Structures are given as C-alpha cells and as structure tokens.
file work.cif (mmCIF, C-alpha atoms)
data_entry
#
loop_
_atom_site.label_atom_id
_atom_site.label_comp_id
_atom_site.auth_asym_id
_atom_site.auth_seq_id
_atom_site.Cartn_x
_atom_site.Cartn_y
_atom_site.Cartn_z
CA MET F 1 64.25 18.63 -27.50
CA THR F 2 60.61 17.64 -27.44
CA SER F 3 59.72 14.06 -28.37
CA THR F 4 56.49 12.17 -28.87
CA VAL F 5 57.86 9.04 -30.53
CA PRO F 6 55.32 6.19 -30.49
CA ALA F 7 56.46 2.58 -30.47
CA SER F 8 55.42 2.20 -34.11
CA PHE F 9 58.10 4.71 -35.11
CA VAL F 10 61.01 2.56 -33.93
CA ARG F 11 62.83 1.23 -36.98
CA ALA F 12 63.20 -2.43 -37.78
CA ASN F 13 66.67 -3.84 -37.18
CA GLY F 14 68.68 -4.20 -40.35
CA SER F 15 66.39 -2.04 -42.46
CA SER F 16 68.15 -0.11 -45.22
CA ALA F 17 65.07 1.83 -46.38
CA LEU F 18 64.33 5.47 -45.61
CA GLN F 19 64.12 5.54 -41.82
CA ALA F 20 63.21 9.16 -41.07
CA VAL F 21 62.77 12.59 -42.60
CA PHE F 22 63.98 15.75 -40.86
CA LEU F 23 62.83 19.20 -41.90
CA ASP F 24 64.04 22.70 -41.17
CA MET F 25 61.35 25.22 -40.22
CA ASP F 26 61.97 28.83 -41.30
CA GLY F 27 62.04 29.13 -45.06
CA THR F 28 61.54 25.39 -45.53
CA LEU F 29 58.11 24.60 -44.05
CA VAL F 30 56.96 28.12 -43.22
CA ASP F 31 57.56 31.28 -45.21
CA THR F 32 59.23 33.21 -42.38
CA GLU F 33 62.78 34.00 -43.52
CA GLY F 34 61.48 37.41 -44.60
CA PHE F 35 59.89 37.82 -41.17
CA TRP F 36 63.28 37.44 -39.50
CA TRP F 37 64.90 39.99 -41.79
CA ASP F 38 62.05 42.45 -41.27
CA ALA F 39 62.40 41.98 -37.50
CA GLU F 40 66.15 42.62 -37.72
CA VAL F 41 65.65 45.73 -39.84
CA GLU F 42 63.04 47.09 -37.43
CA VAL F 43 65.05 46.38 -34.27
CA PHE F 44 68.19 48.02 -35.65
CA ALA F 45 66.17 50.99 -36.90
CA ASP F 46 64.97 51.45 -33.31
CA LEU F 47 68.64 51.37 -32.28
CA GLY F 48 69.48 54.06 -34.87
CA HIS F 49 71.06 51.86 -37.53
CA ARG F 50 70.13 50.88 -41.07
CA LEU F 51 70.87 47.36 -42.28
CA ASP F 52 72.41 46.84 -45.71
CA GLU F 53 70.31 44.54 -47.89
CA SER F 54 73.48 42.65 -48.87
CA TRP F 55 73.79 41.40 -45.28
CA ARG F 56 70.58 39.42 -45.65
CA ASP F 57 72.29 36.53 -47.44
CA ILE F 58 74.97 36.43 -44.73
CA VAL F 59 72.63 36.10 -41.76
CA VAL F 60 69.94 33.89 -43.32
CA GLY F 61 69.56 30.42 -41.85
CA GLY F 62 72.15 30.84 -39.15
CA PRO F 63 71.82 30.50 -35.39
CA MET F 64 70.72 33.62 -33.54
CA THR F 65 74.14 34.07 -31.93
CA ARG F 66 75.88 34.16 -35.31
CA SER F 67 73.44 36.37 -37.20
CA ALA F 68 72.88 38.79 -34.31
CA GLY F 69 76.59 38.92 -33.56
CA TYR F 70 77.37 39.72 -37.18
CA LEU F 71 74.84 42.56 -37.27
CA ILE F 72 76.14 44.07 -34.04
CA GLU F 73 79.67 44.07 -35.44
CA ALA F 74 78.59 45.35 -38.86
CA THR F 75 76.56 48.26 -37.47
CA GLY F 76 78.49 49.03 -34.30
CA ALA F 77 75.19 49.13 -32.43
CA ASP F 78 75.39 49.71 -28.68
CA VAL F 79 73.60 46.52 -27.65
CA THR F 80 74.75 43.22 -26.19
CA LEU F 81 74.14 39.89 -27.86
CA ALA F 82 71.83 38.84 -25.02
CA GLU F 83 69.82 42.06 -25.26
CA LEU F 84 69.54 41.83 -29.04
CA THR F 85 68.41 38.19 -28.90
CA VAL F 86 65.50 39.18 -26.66
CA LEU F 87 64.55 42.11 -28.91
CA LEU F 88 64.63 40.00 -32.07
CA ASN F 89 62.62 37.14 -30.59
CA GLU F 90 59.99 39.56 -29.29
CA LYS F 91 59.70 41.33 -32.65
CA PHE F 92 59.51 38.02 -34.53
CA GLU F 93 56.90 36.62 -32.15
CA HIS F 94 54.79 39.71 -32.72
CA ARG F 95 54.95 39.14 -36.48
CA ILE F 96 54.09 35.45 -36.40
CA GLY F 97 51.20 36.23 -34.06
CA ARG F 98 49.39 37.54 -37.14
CA GLY F 99 49.64 34.14 -38.83
CA VAL F 100 52.34 32.03 -40.47
CA PRO F 101 52.09 31.13 -44.18
CA LEU F 102 53.19 27.61 -45.12
CA MET F 103 55.57 27.09 -48.03
CA PRO F 104 54.03 25.64 -51.21
CA GLY F 105 53.82 21.86 -50.89
CA ALA F 106 54.43 21.78 -47.12
CA GLU F 107 50.94 20.72 -46.09
CA ARG F 108 50.79 17.99 -48.72
CA LEU F 109 54.26 16.62 -47.90
CA LEU F 110 53.63 16.46 -44.14
CA ALA F 111 50.34 14.65 -44.72
CA GLU F 112 52.04 12.18 -47.07
CA LEU F 113 54.82 11.44 -44.57
CA ALA F 114 52.17 10.75 -41.92
CA ARG F 115 50.25 8.41 -44.22
CA HIS F 116 53.42 6.40 -44.84
CA ASN F 117 54.16 6.33 -41.09
CA ILE F 118 57.65 7.79 -41.69
CA PRO F 119 59.18 9.30 -38.52
CA THR F 120 59.38 13.03 -39.09
CA ALA F 121 61.27 15.60 -37.02
CA LEU F 122 61.40 19.37 -37.06
CA VAL F 123 65.00 20.58 -36.63
CA SER F 124 65.42 24.34 -36.32
CA ALA F 125 67.96 26.92 -35.20
CA SER F 126 65.05 28.93 -33.80
CA HIS F 127 64.46 28.93 -30.06
CA ARG F 128 61.88 26.68 -28.40
CA ARG F 129 59.50 29.56 -27.68
CA ILE F 130 59.38 30.38 -31.40
CA ILE F 131 59.00 26.77 -32.50
CA ASP F 132 56.11 26.21 -30.11
CA ARG F 133 54.29 29.24 -31.52
CA ILE F 134 54.75 28.09 -35.11
CA LEU F 135 53.74 24.51 -34.32
CA ALA F 136 50.25 25.89 -33.78
CA SER F 137 50.15 26.49 -37.55
CA LEU F 138 52.14 23.45 -38.65
CA GLY F 139 50.47 20.92 -36.36
CA ARG F 140 52.39 19.57 -33.39
CA ASP F 141 51.15 16.03 -34.01
CA ARG F 142 52.86 15.99 -37.40
CA PHE F 143 56.26 15.52 -35.74
CA ALA F 144 57.65 12.67 -33.67
CA LEU F 145 60.37 15.02 -32.45
CA THR F 146 61.25 18.71 -32.48
CA VAL F 147 64.77 20.05 -31.87
CA ALA F 148 65.28 23.76 -31.07
CA GLY F 149 68.45 25.78 -31.44
CA ASP F 150 68.56 26.64 -27.75
CA GLU F 151 68.29 22.98 -26.73
CA VAL F 152 71.59 21.81 -28.23
CA GLN F 153 75.10 22.82 -27.23
CA ARG F 154 76.12 23.50 -30.83
CA THR F 155 73.49 24.48 -33.35
CA LYS F 156 73.66 24.59 -37.16
CA PRO F 157 76.02 24.37 -39.05
CA HIS F 158 77.32 21.87 -36.48
CA PRO F 159 75.90 18.35 -37.00
CA GLU F 160 74.59 18.07 -33.42
CA PRO F 161 70.97 19.07 -34.22
CA TYR F 162 70.55 16.36 -36.85
CA LEU F 163 72.47 13.76 -34.88
CA THR F 164 70.14 14.54 -31.97
CA ALA F 165 67.10 14.05 -34.19
CA ALA F 166 68.39 10.74 -35.56
CA SER F 167 69.13 9.46 -32.08
CA GLY F 168 65.73 10.60 -30.87
CA VAL F 169 63.83 8.54 -33.43
CA GLY F 170 66.27 5.60 -33.35
CA ALA F 171 67.49 6.05 -36.92
CA ASP F 172 70.82 5.79 -38.71
CA PRO F 173 71.70 9.31 -40.00
CA ALA F 174 72.89 7.80 -43.30
CA LEU F 175 69.39 6.44 -43.83
CA CYS F 176 67.66 9.74 -43.11
CA ALA F 177 66.65 12.49 -45.55
CA VAL F 178 66.89 16.15 -44.56
CA ILE F 179 65.09 19.04 -46.24
CA GLU F 180 66.76 22.43 -45.81
CA ASP F 181 66.61 25.88 -47.43
CA THR F 182 69.97 27.44 -46.46
CA ALA F 183 73.65 26.61 -46.83
CA THR F 184 74.01 26.63 -43.03
CA GLY F 185 71.35 23.98 -42.59
CA VAL F 186 72.67 21.91 -45.48
CA ALA F 187 76.14 21.93 -43.92
CA SER F 188 74.70 20.72 -40.61
CA ALA F 189 72.78 17.85 -42.21
CA GLU F 190 75.65 16.76 -44.42
CA ALA F 191 78.09 16.83 -41.50
CA ALA F 192 75.69 14.51 -39.66
CA GLY F 193 75.86 12.08 -42.59
CA CYS F 194 72.30 12.57 -43.84
CA ARG F 195 71.08 12.76 -47.43
CA VAL F 196 70.00 16.31 -48.23
CA VAL F 197 67.31 17.93 -50.33
CA ALA F 198 67.98 21.65 -50.66
CA VAL F 199 65.07 23.97 -51.41
CA PRO F 200 66.78 27.40 -51.56
CA SER F 201 64.69 30.23 -50.13
CA VAL F 202 66.90 33.34 -50.16
CA ALA F 203 70.42 32.45 -51.33
CA PRO F 204 71.23 29.86 -54.03
CA ILE F 205 72.59 26.42 -53.11
CA ALA F 206 74.60 24.35 -55.58
CA PRO F 207 74.01 20.61 -56.05
CA SER F 208 76.79 18.24 -54.98
CA PRO F 209 77.31 14.52 -54.27
CA GLY F 210 74.73 13.39 -51.71
CA ARG F 211 72.69 16.58 -52.20
CA VAL F 212 69.78 17.30 -54.52
CA VAL F 213 68.51 20.81 -55.20
CA VAL F 214 64.85 21.29 -56.09
CA ARG F 215 62.64 24.27 -56.86
CA SER F 216 60.12 23.80 -54.05
CA LEU F 217 58.54 21.25 -51.73
CA GLU F 218 56.03 20.62 -54.51
CA ASP F 219 58.83 18.65 -56.19
CA VAL F 220 59.31 16.40 -53.13
CA ASP F 221 57.31 13.30 -52.23
CA VAL F 222 57.93 10.02 -50.39
CA PRO F 223 58.99 7.98 -53.48
CA PHE F 224 61.49 10.73 -54.34
CA LEU F 225 62.92 10.76 -50.79
CA ARG F 226 63.28 7.00 -50.84
CA THR F 227 65.42 7.16 -53.97
CA LEU F 228 68.00 9.22 -52.04
CA ILE F 229 68.78 6.43 -49.62
CA ILE F 230 71.45 3.95 -50.62
CA GLY F 231 71.53 0.97 -48.32
CA PRO F 232 74.70 -0.74 -47.09
#
call {"tool": "encode", "arguments": {"input": "work.cif", "output": "structure tokens"}}
result
Amino acid sequence: MTSTVPASFVRANGSSALQAVFLDMDGTLVDTEGFWWDAEVEVFADLGHRLDESWRDIVVGGPMTRSAGYLIEATGADVTLAELTVLLNEKFEHRIGRGVPLMPGAERLLAELARHNIPTALVSASHRRIIDRILASLGRDRFALTVAGDEVQRTKPHPEPYLTAASGVGADPALCAVIEDTATGVASAEAAGCRVVAVPSVAPIAPSPGRVVVRSLEDVDVPFLRTLIIGP
C-alpha cells in the first residue's frame, strides 16, 4: 500500500457526509481489460494453447492467482502459476508501455474529486509494478492512497482491499463510495460495507440494494456520489 495522505484529508469526527471515494483501475479508470485478455491470449498461444472467448467473462476483474489458475486448468498448459504470473505481467507491461487510454469521464471525475478535496484511493487487484506504470498516465498525485493486489493478504473479492483503503484515509467504509467495473470488485466493495457504483466494462452487472449501475463514468459526479451516502 502506498499512501500520501495529507492532514487535510483526515475526516472530521462525527461527519456523516461522503468521506472518501475508492476507484478500481483496469476497466474503470483505464481501458485495459482488453489488454489483459490480449496478453493472456498471446501468452497461451506461445505455450501452444488457444483460449476460448467465453472464458473472458470468467477471468475478468479477478486477482491474477484466480484468473491465471483458471486458465491453466482449462487449457492443461504445462506452466506453473508462478511462471504464468511473470509471463502475463511482462506481456501486459509491454502493452501498456505504448500508452494507456483513460475511460470516458475518468479525467473529469478525478479532477472534480480533487477540487472538492475528497480523499480518493486507487484499489486494484493488479500488482504494484503494474499500478506504478499506469499511474504515470493517471497522475500519482490524484490519489491519497493506492492499494495493489500483491500488497494485501486477500485480494478481491475479499473485502480486505477496500477495508485497507478506508483505514488508510481514516474513513468509515459505510460512508465511502466505490466505483467498480466487474462483479468481483463489486463483491469486494460491498463486503467491506461501502456504497457501490458499478460501471460494467465486459460482463453485465445487475443493480441491487446499495448498488447503482451506470453506463459510464460520464454519468458520475460528486453530487451524485454524495446522494449514495446515508448517514447514521
């Protein structure tokens, strides 16, 4: 976990307003979910296996151990999980080295959160080395805190990543809004007790109590996020 939380980000005692906003990275802020799938297809092609397109919805948004483990089992590839993790990260890093496109509305939303001085954290299942590369495009100073998948004991869909983020900025999870693009990330945020805005990128996500589904980040702004928080 990397933190740069200034004193001005510490919440006021007893406040029931929106205290922090946490955002996923791949598929939410940056248009990279396709990059991961392309990397997986290319790596397994090098290993002599062809990935079925239907597997894409299964592996999207999950931690590397889960998605890579599934693909090893599904293909029967002669590669260990540790070896495959290295291969996938290297292939993905090569792709993002050519530039990372932001999702529609991402730049505007991050700037708006900064103007309102709302603590903002990046919470991703990607490894630290990947996050640090992408932060060059997103802007490291946009985030009070960043949480990587290889820095927690249990990554998404476990609540630990979002509980870690809330603790890191001194916020009550119930008074935090999370923006996610996959069912795995949504499950993690909801298990942590956060309010969730789902912006589906690859697979559909259904609305439910405590969860709002929108078309894109262009539909999300600070007044909208504040309406999600119900004080005690």
call {"tool": "residues_around", "arguments": {"input": "work.cif", "residues": "segment 214-216 of chain F", "least_positions_apart": "2", "cutoff": "9 Å", "atoms": "only C-alpha atoms", "output": "ChimeraX atom specification"}}
result
/F:28,103-105,197-201,212,218-220
call {"tool": "write_last_selection", "arguments": {"input": "work.cif", "atoms": "C-alpha atoms", "output": "mmCIF file, in the frame of the given file"}}
result
data_model
loop_
_atom_site.group_PDB
_atom_site.id
_atom_site.type_symbol
_atom_site.label_atom_id
_atom_site.label_comp_id
_atom_site.auth_asym_id
_atom_site.auth_seq_id
_atom_site.Cartn_x
_atom_site.Cartn_y
_atom_site.Cartn_z
ATOM 1 C CA THR F 28 61.540 25.390 -45.530
ATOM 2 C CA MET F 103 55.570 27.090 -48.030
ATOM 3 C CA PRO F 104 54.030 25.640 -51.210
ATOM 4 C CA GLY F 105 53.820 21.860 -50.890
ATOM 5 C CA VAL F 197 67.310 17.930 -50.330
ATOM 6 C CA ALA F 198 67.980 21.650 -50.660
ATOM 7 C CA VAL F 199 65.070 23.970 -51.410
ATOM 8 C CA PRO F 200 66.780 27.400 -51.560
ATOM 9 C CA SER F 201 64.690 30.230 -50.130
ATOM 10 C CA VAL F 212 69.780 17.300 -54.520
ATOM 11 C CA GLU F 218 56.030 20.620 -54.510
ATOM 12 C CA ASP F 219 58.830 18.650 -56.190
ATOM 13 C CA VAL F 220 59.310 16.400 -53.130
#
call {"tool": "atom_distance", "arguments": {"input": "work.cif", "atom1": "atom CA of Cys176 of chain F", "atom2": "atom CA of Ala114 of chain F"}}
result
15.6 Å
call {"tool": "closest_residue", "arguments": {"input": "work.cif", "among": "F:Ala177, F:Ser124, F:Arg129, F:Ala39", "to": "Pro223 of chain F", "atoms": "only C-alpha atoms"}}
result
F:Ala177
call {"tool": "resolve_selection", "arguments": {"input": "work.cif", "expression": "the PyMOL selection byres ((chain F and resi 161-174) around 9)", "output": "VMD selection string"}}
result
chain F and resid 1 3 5 9 to 11 19 to 20 22 119 to 125 144 to 149 151 to 160 175 to 178 188 to 189 191 to 195 229 to 231
call {"tool": "write_last_selection", "arguments": {"input": "work.cif", "atoms": "C-alpha atoms", "output": "PDB file, keeping the file's coordinate frame"}}
result
ATOM      1  CA  MET F   1      64.250  18.630 -27.500  1.00  0.00           C
ATOM      2  CA  SER F   3      59.720  14.060 -28.370  1.00  0.00           C
ATOM      3  CA  VAL F   5      57.860   9.040 -30.530  1.00  0.00           C
ATOM      4  CA  PHE F   9      58.100   4.710 -35.110  1.00  0.00           C
ATOM      5  CA  VAL F  10      61.010   2.560 -33.930  1.00  0.00           C
ATOM      6  CA  ARG F  11      62.830   1.230 -36.980  1.00  0.00           C
ATOM      7  CA  GLN F  19      64.120   5.540 -41.820  1.00  0.00           C
ATOM      8  CA  ALA F  20      63.210   9.160 -41.070  1.00  0.00           C
ATOM      9  CA  PHE F  22      63.980  15.750 -40.860  1.00  0.00           C
ATOM     10  CA  PRO F 119      59.180   9.300 -38.520  1.00  0.00           C
ATOM     11  CA  THR F 120      59.380  13.030 -39.090  1.00  0.00           C
ATOM     12  CA  ALA F 121      61.270  15.600 -37.020  1.00  0.00           C
ATOM     13  CA  LEU F 122      61.400  19.370 -37.060  1.00  0.00           C
ATOM     14  CA  VAL F 123      65.000  20.580 -36.630  1.00  0.00           C
ATOM     15  CA  SER F 124      65.420  24.340 -36.320  1.00  0.00           C
ATOM     16  CA  ALA F 125      67.960  26.920 -35.200  1.00  0.00           C
ATOM     17  CA  ALA F 144      57.650  12.670 -33.670  1.00  0.00           C
ATOM     18  CA  LEU F 145      60.370  15.020 -32.450  1.00  0.00           C
ATOM     19  CA  THR F 146      61.250  18.710 -32.480  1.00  0.00           C
ATOM     20  CA  VAL F 147      64.770  20.050 -31.870  1.00  0.00           C
ATOM     21  CA  ALA F 148      65.280  23.760 -31.070  1.00  0.00           C
ATOM     22  CA  GLY F 149      68.450  25.780 -31.440  1.00  0.00           C
ATOM     23  CA  GLU F 151      68.290  22.980 -26.730  1.00  0.00           C
ATOM     24  CA  VAL F 152      71.590  21.810 -28.230  1.00  0.00           C
ATOM     25  CA  GLN F 153      75.100  22.820 -27.230  1.00  0.00           C
ATOM     26  CA  ARG F 154      76.120  23.500 -30.830  1.00  0.00           C
ATOM     27  CA  THR F 155      73.490  24.480 -33.350  1.00  0.00           C
ATOM     28  CA  LYS F 156      73.660  24.590 -37.160  1.00  0.00           C
ATOM     29  CA  PRO F 157      76.020  24.370 -39.050  1.00  0.00           C
ATOM     30  CA  HIS F 158      77.320  21.870 -36.480  1.00  0.00           C
ATOM     31  CA  PRO F 159      75.900  18.350 -37.000  1.00  0.00           C
ATOM     32  CA  GLU F 160      74.590  18.070 -33.420  1.00  0.00           C
ATOM     33  CA  LEU F 175      69.390   6.440 -43.830  1.00  0.00           C
ATOM     34  CA  CYS F 176      67.660   9.740 -43.110  1.00  0.00           C
ATOM     35  CA  ALA F 177      66.650  12.490 -45.550  1.00  0.00           C
ATOM     36  CA  VAL F 178      66.890  16.150 -44.560  1.00  0.00           C
ATOM     37  CA  SER F 188      74.700  20.720 -40.610  1.00  0.00           C
ATOM     38  CA  ALA F 189      72.780  17.850 -42.210  1.00  0.00           C
ATOM     39  CA  ALA F 191      78.090  16.830 -41.500  1.00  0.00           C
ATOM     40  CA  ALA F 192      75.690  14.510 -39.660  1.00  0.00           C
ATOM     41  CA  GLY F 193      75.860  12.080 -42.590  1.00  0.00           C
ATOM     42  CA  CYS F 194      72.300  12.570 -43.840  1.00  0.00           C
ATOM     43  CA  ARG F 195      71.080  12.760 -47.430  1.00  0.00           C
ATOM     44  CA  ILE F 229      68.780   6.430 -49.620  1.00  0.00           C
ATOM     45  CA  ILE F 230      71.450   3.950 -50.620  1.00  0.00           C
ATOM     46  CA  GLY F 231      71.530   0.970 -48.320  1.00  0.00           C
TER      47      GLY F 231
END
call {"tool": "resolve_selection", "arguments": {"input": "work.cif", "expression": "the PyMOL selection byres ((chain F and resi 109) around 9)", "output": "PyMOL selection string"}}
result
chain F and resi 105-108+110-114+217-218+220-222
call {"tool": "write_last_selection", "arguments": {"input": "work.cif", "atoms": "C-alpha atoms", "output": "compact mmCIF listing (two decimals), in the coordinates of the input"}}
result
# COMPACT_ATOMS: atom_id res chain seq x y z
CA GLY F 105 53.82 21.86 -50.89
CA ALA F 106 54.43 21.78 -47.12
CA GLU F 107 50.94 20.72 -46.09
CA ARG F 108 50.79 17.99 -48.72
CA LEU F 110 53.63 16.46 -44.14
CA ALA F 111 50.34 14.65 -44.72
CA GLU F 112 52.04 12.18 -47.07
CA LEU F 113 54.82 11.44 -44.57
CA ALA F 114 52.17 10.75 -41.92
CA LEU F 217 58.54 21.25 -51.73
CA GLU F 218 56.03 20.62 -54.51
CA VAL F 220 59.31 16.40 -53.13
CA ASP F 221 57.31 13.30 -52.23
CA VAL F 222 57.93 10.02 -50.39
call {"tool": "resolve_selection", "arguments": {"input": "work.cif", "expression": "the PyMOL selection byres ((chain F and resi 51-61) around 9)", "output": "NGL selection string"}}
result
:F and (26-27 or 33 or 36-37 or 40-41 or 44-45 or 49-50 or 62-64 or 66-68 or 70-71 or 74-75 or 125 or 156 or 181-185 or 202-203)
call {"tool": "closest_residue", "arguments": {"input": "work.cif", "among": "F:Pro209, F:Pro101, F:Gly48, F:Pro204", "to": "Ala77 of chain F", "atoms": "only C-alpha atoms"}}
result
F:Gly48
call {"tool": "atom_distance", "arguments": {"input": "work.cif", "atom1": "atom CA of Val100 of chain F", "atom2": "atom CA of Asp31 of chain F"}}
result
7.1 Å
call {"tool": "atom_distance", "arguments": {"input": "work.cif", "atom1": "atom CA of Leu29 of chain F", "atom2": "atom CA of Pro207 of chain F"}}
result
20.3 Å
call {"tool": "closest_residue", "arguments": {"input": "work.cif", "among": "F:Leu135, F:Ile205, F:Leu18, F:Leu87", "to": "Leu225 of chain F", "atoms": "all atoms listed in the file"}}
result
F:Leu18
call {"tool": "residues_around", "arguments": {"input": "work.cif", "residues": "Asp150 of chain F", "least_positions_apart": "6", "cutoff": "9 Å", "atoms": "all atoms listed in the file", "output": "list in words"}}
result
Ala125, Ser126, His127 and Arg128 of chain F
